[in-house]
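Pasting query.cif here (mmCIF, C-alpha atoms):
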data_input
loop_
_atom_site.group_PDB
_atom_site.id
_atom_site.type_symbol
_atom_site.label_atom_id
_atom_site.label_comp_id
_atom_site.auth_asym_id
_atom_site.auth_seq_id
_atom_site.Cartn_x
_atom_site.Cartn_y
_atom_site.Cartn_z
ATOM 1 C CA MET G 1 23.593 10.388 -16.846
ATOM 2 C CA PHE G 2 20.598 12.712 -16.671
ATOM 3 C CA ASP G 3 18.502 10.207 -18.633
ATOM 4 C CA PHE G 4 19.545 7.475 -16.241
ATOM 5 C CA ILE G 5 18.390 9.527 -13.228
ATOM 6 C CA LEU G 6 15.168 10.541 -14.988
ATOM 7 C CA SER G 7 14.256 6.933 -15.771
ATOM 8 C CA LYS G 8 15.140 5.502 -12.364
ATOM 9 C CA TYR G 9 14.387 8.232 -9.791
ATOM 10 C CA ASN G 10 10.924 6.984 -8.928
ATOM 11 C CA TYR G 11 12.284 3.535 -8.010
ATOM 12 C CA TRP G 12 14.673 5.233 -5.569
ATOM 13 C CA ILE G 13 11.812 7.196 -4.035
ATOM 14 C CA TYR G 14 9.850 3.960 -3.549
ATOM 15 C CA VAL G 15 12.874 2.470 -1.792
ATOM 16 C CA ILE G 16 13.029 5.544 0.472
ATOM 17 C CA LEU G 17 9.321 5.163 1.317
ATOM 18 C CA MET G 18 9.875 1.491 2.091
ATOM 19 C CA MET G 19 12.822 2.425 4.334
ATOM 20 C CA ILE G 20 10.620 4.900 6.259
ATOM 21 C CA GLY G 21 8.000 2.211 6.868
ATOM 22 C CA PHE G 22 10.606 -0.387 7.818
ATOM 23 C CA TYR G 23 12.265 1.999 10.268
ATOM 24 C CA ALA G 24 8.887 2.728 11.887
ATOM 25 C CA MET G 25 8.260 -1.020 12.211
ATOM 26 C CA ILE G 26 11.533 -1.914 13.914
ATOM 27 C CA GLY G 27 12.665 1.345 15.499
ATOM 28 C CA LYS G 28 9.560 2.902 17.064
ATOM 29 C CA ARG G 29 8.317 1.608 20.418
ATOM 30 C CA ASN G 30 4.643 2.574 20.205
ATOM 31 C CA LEU G 31 2.494 -0.183 18.719
ATOM 32 C CA ILE G 32 0.181 2.130 16.731
ATOM 33 C CA LYS G 33 3.301 3.682 15.169
ATOM 34 C CA LYS G 34 4.345 0.188 14.144
ATOM 35 C CA VAL G 35 0.965 -0.389 12.500
ATOM 36 C CA ILE G 36 1.277 2.942 10.644
ATOM 37 C CA GLY G 37 4.751 1.882 9.500
ATOM 38 C CA MET G 38 3.341 -1.412 8.224
ATOM 39 C CA ASN G 39 0.740 0.523 6.247
ATOM 40 C CA ILE G 40 3.419 2.724 4.670
ATOM 41 C CA PHE G 41 5.538 -0.332 3.831
ATOM 42 C CA GLN G 42 2.662 -2.105 2.087
ATOM 43 C CA THR G 43 1.652 1.034 0.193
ATOM 44 C CA ALA G 44 5.224 1.484 -1.068
ATOM 45 C CA ILE G 45 5.282 -2.070 -2.427
ATOM 46 C CA ILE G 46 1.887 -1.617 -4.102
ATOM 47 C CA LEU G 47 3.138 1.661 -5.607
ATOM 48 C CA PHE G 48 6.163 -0.164 -7.024
ATOM 49 C CA PHE G 49 3.957 -2.802 -8.640
ATOM 50 C CA VAL G 50 1.585 -0.225 -10.147
ATOM 51 C CA SER G 51 4.532 1.732 -11.548
ATOM 52 C CA THR G 52 5.722 -1.318 -13.513
ATOM 53 C CA ALA G 53 2.447 -1.130 -15.448
ATOM 54 C CA ALA G 54 3.035 2.411 -16.743
ATOM 55 C CA LYS G 55 3.682 2.686 -20.456
ATOM 56 C CA ARG G 56 4.866 5.799 -22.240
ATOM 57 C CA GLY G 57 2.211 6.840 -24.771
ATOM 58 C CA GLY G 58 -0.453 4.496 -23.418
ATOM 59 C CA THR G 59 -3.888 5.459 -22.161
ATOM 60 C CA LEU G 60 -6.093 3.958 -19.448
ATOM 61 C CA PRO G 61 -6.938 0.250 -19.845
ATOM 62 C CA ILE G 62 -10.524 0.973 -20.901
ATOM 63 C CA ILE G 63 -11.205 0.203 -24.564
ATOM 64 C CA GLU G 64 -12.649 3.145 -26.486
ATOM 65 C CA HIS G 65 -15.980 2.604 -28.246
ATOM 66 C CA GLY G 66 -16.167 -0.776 -26.569
ATOM 67 C CA HIS G 67 -19.934 -1.023 -26.915
ATOM 68 C CA GLY G 68 -19.861 -0.313 -30.645
ATOM 69 C CA HIS G 69 -19.325 -2.794 -33.440
ATOM 70 C CA GLY G 70 -15.813 -3.741 -32.418
ATOM 71 C CA ALA G 71 -14.635 -3.727 -36.026
ATOM 72 C CA HIS G 72 -11.372 -1.855 -35.398
ATOM 73 C CA ALA G 73 -8.324 -3.789 -34.229
ATOM 74 C CA ILE G 74 -6.962 -3.154 -30.727
ATOM 75 C CA GLN G 75 -3.303 -2.169 -30.436
ATOM 76 C CA ALA G 76 -1.666 -3.576 -27.311
ATOM 77 C CA THR G 77 0.823 -0.685 -27.130
ATOM 78 C CA ALA G 78 -1.960 1.918 -26.936
ATOM 79 C CA TYR G 79 -3.192 0.735 -23.516
ATOM 80 C CA ILE G 80 -1.203 0.414 -20.303
ATOM 81 C CA ASN G 81 -0.715 -3.004 -18.745
ATOM 82 C CA PRO G 82 -3.858 -3.975 -16.744
ATOM 83 C CA LEU G 83 -2.526 -7.048 -14.925
ATOM 84 C CA PRO G 84 -0.561 -5.330 -12.088
ATOM 85 C CA HIS G 85 -3.632 -3.177 -11.415
ATOM 86 C CA VAL G 86 -5.779 -6.279 -10.859
ATOM 87 C CA LEU G 87 -3.250 -7.915 -8.547
ATOM 88 C CA MET G 88 -2.789 -4.732 -6.520
ATOM 89 C CA LEU G 89 -6.562 -4.280 -6.199
ATOM 90 C CA THR G 90 -6.534 -7.605 -4.344
ATOM 91 C CA ALA G 91 -3.506 -6.523 -2.314
ATOM 92 C CA ILE G 92 -5.196 -3.300 -1.127
ATOM 93 C CA VAL G 93 -8.169 -5.237 0.225
ATOM 94 C CA VAL G 94 -5.852 -7.702 1.982
ATOM 95 C CA MET G 95 -3.942 -4.703 3.411
ATOM 96 C CA VAL G 96 -7.082 -3.289 4.996
ATOM 97 C CA SER G 97 -8.091 -6.654 6.504
ATOM 98 C CA THR G 98 -4.566 -6.967 7.957
ATOM 99 C CA LEU G 99 -4.960 -3.478 9.426
ATOM 100 C CA GLY G 100 -8.283 -4.430 11.021
ATOM 101 C CA VAL G 101 -6.949 -7.592 12.656
ATOM 102 C CA ALA G 102 -3.799 -5.775 13.834
ATOM 103 C CA LEU G 103 -5.879 -3.052 15.483
ATOM 104 C CA ALA G 104 -8.133 -5.642 17.148
ATOM 105 C CA VAL G 105 -5.065 -7.400 18.621
ATOM 106 C CA LEU G 106 -3.771 -4.003 19.720
ATOM 107 C CA ILE G 107 -6.985 -3.144 21.577
ATOM 108 C CA ALA G 108 -6.815 -6.569 23.278
ATOM 109 C CA ILE G 109 -3.215 -5.820 24.355
ATOM 110 C CA TYR G 110 -4.301 -2.446 25.735
ATOM 111 C CA ARG G 111 -7.092 -4.032 27.788
ATOM 112 C CA ARG G 112 -4.656 -6.468 29.362
ATOM 113 C CA HIS G 113 -1.581 -4.269 29.956
ATOM 114 C CA ASN G 114 -3.129 -0.791 29.993
ATOM 115 C CA THR G 115 -0.346 0.627 27.854
ATOM 116 C CA LEU G 116 0.814 0.555 24.237
ATOM 117 C CA GLU G 117 4.545 1.140 24.738
ATOM 118 C CA GLU G 118 6.577 -1.929 23.883
ATOM 119 C CA ASP G 119 9.171 -1.642 26.659
ATOM 120 C CA GLU G 120 6.516 -1.247 29.373
ATOM 121 C CA ILE G 121 4.674 -4.336 28.084
ATOM 122 C CA LEU G 122 7.926 -6.327 28.160
ATOM 123 C CA ARG G 123 8.635 -5.103 31.717
ATOM 124 C CA GLN G 124 5.142 -6.166 32.837
ATOM 125 C CA GLN G 125 5.577 -9.594 31.291
ATOM 126 C CA GLN G 126 8.934 -10.184 32.976
ATOM 127 C CA LYS G 127 7.514 -9.599 36.445
ATOM 128 C CA MET L 1 18.703 -0.100 19.702
ATOM 129 C CA ARG L 2 17.597 2.816 17.540
ATOM 130 C CA ILE L 3 21.037 3.062 15.922
ATOM 131 C CA LEU L 4 20.890 -0.677 15.135
ATOM 132 C CA ALA L 5 17.472 -0.226 13.495
ATOM 133 C CA LEU L 6 18.764 2.693 11.429
ATOM 134 C CA ILE L 7 21.801 0.697 10.265
ATOM 135 C CA THR L 8 19.611 -2.273 9.263
ATOM 136 C CA VAL L 9 17.240 -0.022 7.322
ATOM 137 C CA ILE L 10 20.056 1.772 5.504
ATOM 138 C CA ILE L 11 21.749 -1.504 4.523
ATOM 139 C CA THR L 12 18.433 -2.842 3.175
ATOM 140 C CA GLY L 13 17.891 0.383 1.243
ATOM 141 C CA ILE L 14 21.362 0.285 -0.316
ATOM 142 C CA ILE L 15 20.846 -3.326 -1.436
ATOM 143 C CA LEU L 16 17.454 -2.471 -2.962
ATOM 144 C CA ILE L 17 18.782 0.636 -4.738
ATOM 145 C CA TYR L 18 21.609 -1.506 -6.145
ATOM 146 C CA GLY L 19 18.905 -3.844 -7.449
ATOM 147 C CA THR L 20 17.013 -1.070 -9.236
ATOM 148 C CA VAL L 21 19.958 -0.355 -11.568
ATOM 149 C CA ASP L 22 19.010 -3.389 -13.668
ATOM 150 C CA MET L 23 15.292 -2.589 -13.678
ATOM 151 C CA PRO L 24 13.680 -1.482 -16.975
ATOM 152 C CA ASP L 25 13.139 2.265 -17.331
ATOM 153 C CA TRP L 26 9.968 3.795 -15.964
ATOM 154 C CA GLY L 27 7.283 3.854 -18.667
ATOM 155 C CA ASP L 28 9.248 1.719 -21.111
ATOM 156 C CA PRO L 29 6.768 0.074 -23.546
ATOM 157 C CA ASN L 30 9.200 -2.821 -24.121
ATOM 158 C CA SER L 31 9.650 -3.781 -20.474
ATOM 159 C CA PRO L 32 9.282 -7.522 -19.692
ATOM 160 C CA ALA L 33 6.144 -6.915 -17.629
ATOM 161 C CA SER L 34 4.231 -5.566 -20.626
ATOM 162 C CA LYS L 35 5.607 -7.990 -23.230
ATOM 163 C CA HIS L 36 4.776 -11.466 -21.941
ATOM 164 C CA VAL L 37 1.049 -12.120 -21.426
ATOM 165 C CA SER L 38 -0.523 -8.684 -21.134
ATOM 166 C CA PRO L 39 -0.878 -8.009 -24.928
ATOM 167 C CA GLY L 40 -3.013 -11.144 -25.124
ATOM 168 C CA TYR L 41 -5.287 -9.928 -22.365
ATOM 169 C CA ILE L 42 -5.600 -6.453 -23.868
ATOM 170 C CA GLU L 43 -6.424 -7.715 -27.367
ATOM 171 C CA GLU L 44 -8.797 -10.535 -26.442
ATOM 172 C CA ALA L 45 -10.621 -9.104 -23.411
ATOM 173 C CA LEU L 46 -13.293 -7.243 -25.364
ATOM 174 C CA GLU L 47 -14.377 -10.084 -27.614
ATOM 175 C CA LYS L 48 -14.160 -12.778 -24.933
ATOM 176 C CA THR L 49 -15.897 -10.985 -22.075
ATOM 177 C CA ALA L 50 -17.717 -8.039 -23.754
ATOM 178 C CA THR L 51 -16.407 -5.668 -21.076
ATOM 179 C CA PRO L 52 -14.649 -2.465 -22.207
ATOM 180 C CA ASN L 53 -12.814 -2.054 -18.898
ATOM 181 C CA ILE L 54 -9.982 -4.596 -18.993
ATOM 182 C CA VAL L 55 -9.287 -4.393 -15.254
ATOM 183 C CA THR L 56 -12.882 -5.346 -14.474
ATOM 184 C CA ALA L 57 -12.789 -8.077 -17.113
ATOM 185 C CA VAL L 58 -9.689 -9.664 -15.594
ATOM 186 C CA LEU L 59 -10.918 -9.193 -12.016
ATOM 187 C CA ALA L 60 -14.407 -10.589 -12.451
ATOM 188 C CA ASP L 61 -14.131 -12.909 -15.457
ATOM 189 C CA TYR L 62 -10.622 -14.351 -15.812
ATOM 190 C CA ARG L 63 -9.795 -14.348 -12.106
ATOM 191 C CA SER L 64 -13.211 -14.570 -10.473
ATOM 192 C CA TYR L 65 -12.136 -17.408 -8.172
ATOM 193 C CA ASP L 66 -9.380 -15.111 -6.946
ATOM 194 C CA THR L 67 -11.987 -12.481 -6.111
ATOM 195 C CA LEU L 68 -14.050 -15.141 -4.328
ATOM 196 C CA GLY L 69 -10.988 -16.012 -2.228
ATOM 197 C CA GLU L 70 -10.511 -12.311 -1.489
ATOM 198 C CA THR L 71 -14.040 -12.180 -0.101
ATOM 199 C CA ALA L 72 -13.154 -15.180 2.070
ATOM 200 C CA VAL L 73 -10.131 -13.228 3.366
ATOM 201 C CA ILE L 74 -12.307 -10.260 4.366
ATOM 202 C CA PHE L 75 -14.809 -12.617 6.047
ATOM 203 C CA THR L 76 -12.009 -14.323 7.998
ATOM 204 C CA ALA L 77 -10.636 -10.933 9.081
ATOM 205 C CA GLY L 78 -14.060 -9.825 10.320
ATOM 206 C CA ILE L 79 -14.607 -13.072 12.243
ATOM 207 C CA ALA L 80 -11.116 -12.780 13.753
ATOM 208 C CA CYS L 81 -11.814 -9.200 14.899
ATOM 209 C CA ILE L 82 -15.090 -10.262 16.537
ATOM 210 C CA LEU L 83 -13.472 -13.238 18.293
ATOM 211 C CA ILE L 84 -10.465 -11.261 19.571
ATOM 212 C CA LEU L 85 -12.515 -8.368 20.904
ATOM 213 C CA ARG L 86 -15.242 -10.549 22.438
ATOM 214 C CA ARG L 87 -13.173 -13.005 24.480
ATOM 215 C CA ARG L 88 -11.479 -10.253 26.485
ATOM 216 C CA ARG L 89 -14.797 -8.725 27.382
ATOM 217 C CA ARG L 90 -16.101 -12.042 28.706
ATOM 218 C CA GLN L 91 -12.999 -12.640 30.854
ATOM 219 C CA ARG L 92 -13.387 -9.310 32.553
ATOM 220 C CA LYS L 93 -16.860 -10.162 33.884
ATOM 221 C CA MET D 1 2.325 10.009 -16.873
ATOM 222 C CA ILE D 2 3.676 13.542 -16.474
ATOM 223 C CA VAL D 3 7.145 13.656 -14.945
ATOM 224 C CA ALA D 4 6.920 17.027 -13.136
ATOM 225 C CA PHE D 5 3.521 16.218 -11.584
ATOM 226 C CA ASP D 6 4.806 12.795 -10.575
ATOM 227 C CA PHE D 7 7.875 14.272 -8.902
ATOM 228 C CA ILE D 8 5.855 16.827 -6.888
ATOM 229 C CA LEU D 9 3.394 14.163 -5.737
ATOM 230 C CA LEU D 10 6.219 11.814 -4.691
ATOM 231 C CA LEU D 11 7.759 14.661 -2.691
ATOM 232 C CA PHE D 12 4.442 15.261 -0.866
ATOM 233 C CA VAL D 13 4.094 11.535 -0.199
ATOM 234 C CA ILE D 14 7.540 11.358 1.402
ATOM 235 C CA ILE D 15 6.858 14.449 3.542
ATOM 236 C CA CYS D 16 3.570 12.914 4.734
ATOM 237 C CA ALA D 17 5.251 9.580 5.522
ATOM 238 C CA ILE D 18 8.024 11.195 7.571
ATOM 239 C CA ALA D 19 5.511 13.394 9.419
ATOM 240 C CA ALA D 20 3.219 10.431 10.138
ATOM 241 C CA ILE D 21 5.908 8.428 11.897
ATOM 242 C CA SER D 22 7.541 11.322 13.765
ATOM 243 C CA VAL D 23 4.489 13.087 15.251
ATOM 244 C CA LYS D 24 3.990 12.359 18.967
ATOM 245 C CA ASP D 25 0.207 12.796 18.991
ATOM 246 C CA LEU D 26 -1.296 9.582 17.622
ATOM 247 C CA LEU D 27 -4.528 11.172 16.354
ATOM 248 C CA SER D 28 -2.492 13.646 14.258
ATOM 249 C CA ALA D 29 -0.444 10.728 12.935
ATOM 250 C CA VAL D 30 -3.655 9.016 11.835
ATOM 251 C CA TYR D 31 -4.884 12.157 10.062
ATOM 252 C CA ILE D 32 -1.533 12.563 8.308
ATOM 253 C CA LEU D 33 -1.773 8.918 7.244
ATOM 254 C CA GLY D 34 -5.160 9.718 5.682
ATOM 255 C CA ALA D 35 -3.568 12.589 3.757
ATOM 256 C CA TYR D 36 -0.777 10.212 2.722
ATOM 257 C CA SER D 37 -3.361 7.772 1.370
ATOM 258 C CA PHE D 38 -5.036 10.511 -0.664
ATOM 259 C CA PHE D 39 -1.720 11.640 -2.157
ATOM 260 C CA MET D 40 -1.007 8.006 -3.005
ATOM 261 C CA CYS D 41 -4.408 7.799 -4.681
ATOM 262 C CA LEU D 42 -3.612 10.916 -6.769
ATOM 263 C CA LEU D 43 -0.296 9.352 -7.744
ATOM 264 C CA TRP D 44 -2.013 6.210 -8.982
ATOM 265 C CA ALA D 45 -4.594 8.210 -10.912
ATOM 266 C CA GLU D 46 -1.677 10.046 -12.522
ATOM 267 C CA MET D 47 -0.061 6.725 -13.498
ATOM 268 C CA GLY D 48 -3.286 5.601 -15.188
ATOM 269 C CA ALA D 49 -4.426 3.072 -12.606
ATOM 270 C CA VAL D 50 -7.862 4.592 -11.993
ATOM 271 C CA ASP D 51 -9.444 1.434 -10.557
ATOM 272 C CA VAL D 52 -6.659 1.096 -8.012
ATOM 273 C CA ALA D 53 -6.950 4.813 -7.252
ATOM 274 C CA PHE D 54 -10.601 4.808 -6.302
ATOM 275 C CA THR D 55 -10.290 1.540 -4.423
ATOM 276 C CA GLU D 56 -7.500 3.164 -2.389
ATOM 277 C CA ALA D 57 -9.528 6.334 -1.857
ATOM 278 C CA SER D 58 -12.553 4.455 -0.560
ATOM 279 C CA VAL D 59 -10.984 1.500 1.215
ATOM 280 C CA SER D 60 -7.629 2.626 2.565
ATOM 281 C CA ALA D 61 -8.205 6.350 3.076
ATOM 282 C CA GLY D 62 -11.817 5.845 4.219
ATOM 283 C CA ILE D 63 -12.194 2.599 6.132
ATOM 284 C CA GLY D 64 -8.546 2.428 7.217
ATOM 285 C CA THR D 65 -8.664 5.918 8.742
ATOM 286 C CA VAL D 66 -11.962 5.138 10.484
ATOM 287 C CA LEU D 67 -10.522 1.922 11.947
ATOM 288 C CA LEU D 68 -7.402 3.715 13.160
ATOM 289 C CA ILE D 69 -9.422 6.539 14.756
ATOM 290 C CA ALA D 70 -11.586 3.943 16.513
ATOM 291 C CA ALA D 71 -8.486 2.157 17.814
ATOM 292 C CA VAL D 72 -6.884 5.411 19.030
ATOM 293 C CA SER D 73 -10.099 6.479 20.776
ATOM 294 C CA LYS D 74 -10.259 3.095 22.546
ATOM 295 C CA THR D 75 -6.633 3.335 23.689
ATOM 296 C CA LYS D 76 -4.194 6.061 24.646
ATOM 297 C CA ARG D 77 -3.650 9.137 22.478
ATOM 298 C CA ARG D 78 -0.137 10.110 23.592
ATOM 299 C CA SER D 79 2.941 8.225 22.534
ATOM 300 C CA LYS D 80 6.485 8.505 23.826
ATOM 301 C CA ASP D 81 8.235 8.600 20.469
#
If you took the structure in this file and wrote it as structure tokens, what would it be?
Amino acid sequence: MFDFILSKYNYWIYVILMMIGFYAMIGKRNLIKKVIGMNIFQTAIILFFVSTAAKRGGTLPIIEHGHGHGAHAIQATAYINPLPHVLMLTAIVVMVSTLGVALAVLIAIYRRHNTLEEDEILRQQQK
Amino acid sequence: MRILALITVIITGIILIYGTVDMPDWGDPNSPASKHVSPGYIEEALEKTATPNIVTAVLADYRSYDTLGETAVIFTAGIACILILRRRRRQRK
Amino acid sequence: MIVAFDFILLLFVIICAIAAISVKDLLSAVYILGAYSFFMCLLWAEMGAVDVAFTEASVSAGIGTVLLIAAVSKTKRRSKD
């Protein structure tokens, strides 16, 4: 039982982080809070993907003595999995561009409605 | 409304935690993610690309078109920011 | 990967996330989000993903925080919830 908790607890913490971000996205009324929640949500998913790459007993995915002769064979179990790192590097950059566009839309909304609270914007649009 | 949001979030969390029971253990060397194609990349990256850092080798050599597309994404985001923030300013005049 | 270090960092990350969405002052929320990003970056460095860690530290904790501060300074600082 203790081994089961020890090998799975970080997945549960990622789910809790994702729940915090999801609650901020659908439960909070301020638009900047929603953007912060979206950031937390995306970071939790990226954290989950990076954690699938971890390997017990493996080092960083940088080959030792790589500029030498290269005579020694490379063991795949000695290095952690590099592929999720590459994909998540792309995802981080996409996350920041999403953040930039979301904040630009938010500034445009503020110039038009002069508020950032969702219920006040809806009330102004129903008039 | 807030209670409804909380209930939705908790139901989603319970479903996801139920899904993690079948996941491989954290740090397991025999997990499916590190058994399928990644040993090939780790063993062949140095002799094919002459780059000791495997992440850089995959990012800039194997998947360089992906990185080019990523640059296109950043460019599109910048253009979108400029267009959104500029049109409002012109309407106000 | 060190289990005790990992657990402490995950605890800090969750505290920062809860504080970032429950603070009423938006500028404080943005600063706490920057701290959250740096804890996340430490967590990734601990898992062995150093490239992801310094990309996060420069891009998300740097540029993201700057963008959010710019947006908050252009709009209102107080929020109702």
For G:Asn114, list every protein, DNA or RNA residue within 12 Å, evaluated using all atoms listed in the file, and leave out those in the same chain fewer than 4 positions away; present the list as a list in words. Leu106, Ile107, Ala108, Ile109, Tyr110, Glu118, Glu120, Ile121 and Gln124 of chain G; Lys74, Thr75 and Lys76 of chain D
Which residues, named as in the file, does the PyMOL selection byres ((chain D and resi 45-58) around 8) pick out? Answer as a ChimeraX atom specification. /G:50-51,54,59-61,80,85-86,88-89,92 /L:55 /D:1-2,6,37-38,40-44,59-63
Find the residues of chain G in contact range of chain L, meaning any atom within 6 Å when counting only C-alpha atoms, and list them as a list in words.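 In the required form, that comes to Ser7, Met19, Gly27, Ala54, Lys55, Arg56, Pro61, Ile62, Ile63, Gly66, Ile74, Ala76, Asn81, Pro82, Val86, Ser97, Val101 and Ala104 of chain G.
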I need the output of the PyMOL selection byres ((chain G and resi 9-11) around 8) for this file as a PDB file with C-alpha atoms, keeping the file's coordinate frame; which residues are they?
ATOM      1  CA  ILE G   5      18.390   9.527 -13.228  1.00  0.00           C
ATOM      2  CA  LEU G   6      15.168  10.541 -14.988  1.00  0.00           C
ATOM      3  CA  SER G   7      14.256   6.933 -15.771  1.00  0.00           C
ATOM      4  CA  LYS G   8      15.140   5.502 -12.364  1.00  0.00           C
ATOM      5  CA  TRP G  12      14.673   5.233  -5.569  1.00  0.00           C
ATOM      6  CA  ILE G  13      11.812   7.196  -4.035  1.00  0.00           C
ATOM      7  CA  TYR G  14       9.850   3.960  -3.549  1.00  0.00           C
ATOM      8  CA  VAL G  15      12.874   2.470  -1.792  1.00  0.00           C
ATOM      9  CA  PHE G  48       6.163  -0.164  -7.024  1.00  0.00           C
TER      10      PHE G  48
ATOM     11  CA  ILE L  17      18.782   0.636  -4.738  1.00  0.00           C
ATOM     12  CA  THR L  20      17.013  -1.070  -9.236  1.00  0.00           C
ATOM     13  CA  TRP L  26       9.968   3.795 -15.964  1.00  0.00           C
TER      14      TRP L  26
ATOM     15  CA  PHE D   7       7.875  14.272  -8.902  1.00  0.00           C
ATOM     16  CA  LEU D  10       6.219  11.814  -4.691  1.00  0.00           C
TER      17      LEU D  10
END
Can you work out the spacing between atom CA of G:Pro84 and atom CA of G:Val35 in Å, to one decimal? 25.1 Å
Which residues are close to G:Lys33, i.e. within 12 Å by all atoms listed in the file, leaving aside same-chain residues fewer than 2 positions away? Reply as a ChimeraX atom specification. /G:20-31,35-40,102-103,106,116-118 /D:17-30,33,68,72,77-81
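Counting only C-alpha atoms and comparing D:Thr65, D:Val3, D:Gly34, D:Ile14, the residue that lies closest to G:Met18 is D:Ile14.
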Distance of atom CA of L:Ser64 from atom CA of G:Gln75, expressed in Å to one decimal place: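 Distance reported for this atom pair: 25.5 Å.
Nearest to chain D of all the residues G:Ala91, G:His113, G:Leu17, G:Asp119 is G:Leu17, based on all atoms listed in the file.
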Expressed in Å to a single decimal, how great is the separation between atom CA of D:Ile8 and atom CA of D:Phe39?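 According to the coordinates, atom CA of D:Ile8 and atom CA of D:Phe39 are separated by 10.3 Å.
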Padded axis-aligned box of stretch 120-125 of chain G (5 Å per side), centre and edge lengths, Å, one decimal, as JSON:
{"center_x": 6.7, "center_y": -5.4, "center_z": 30.5, "size_x": 14.0, "size_y": 18.3, "size_z": 14.8}
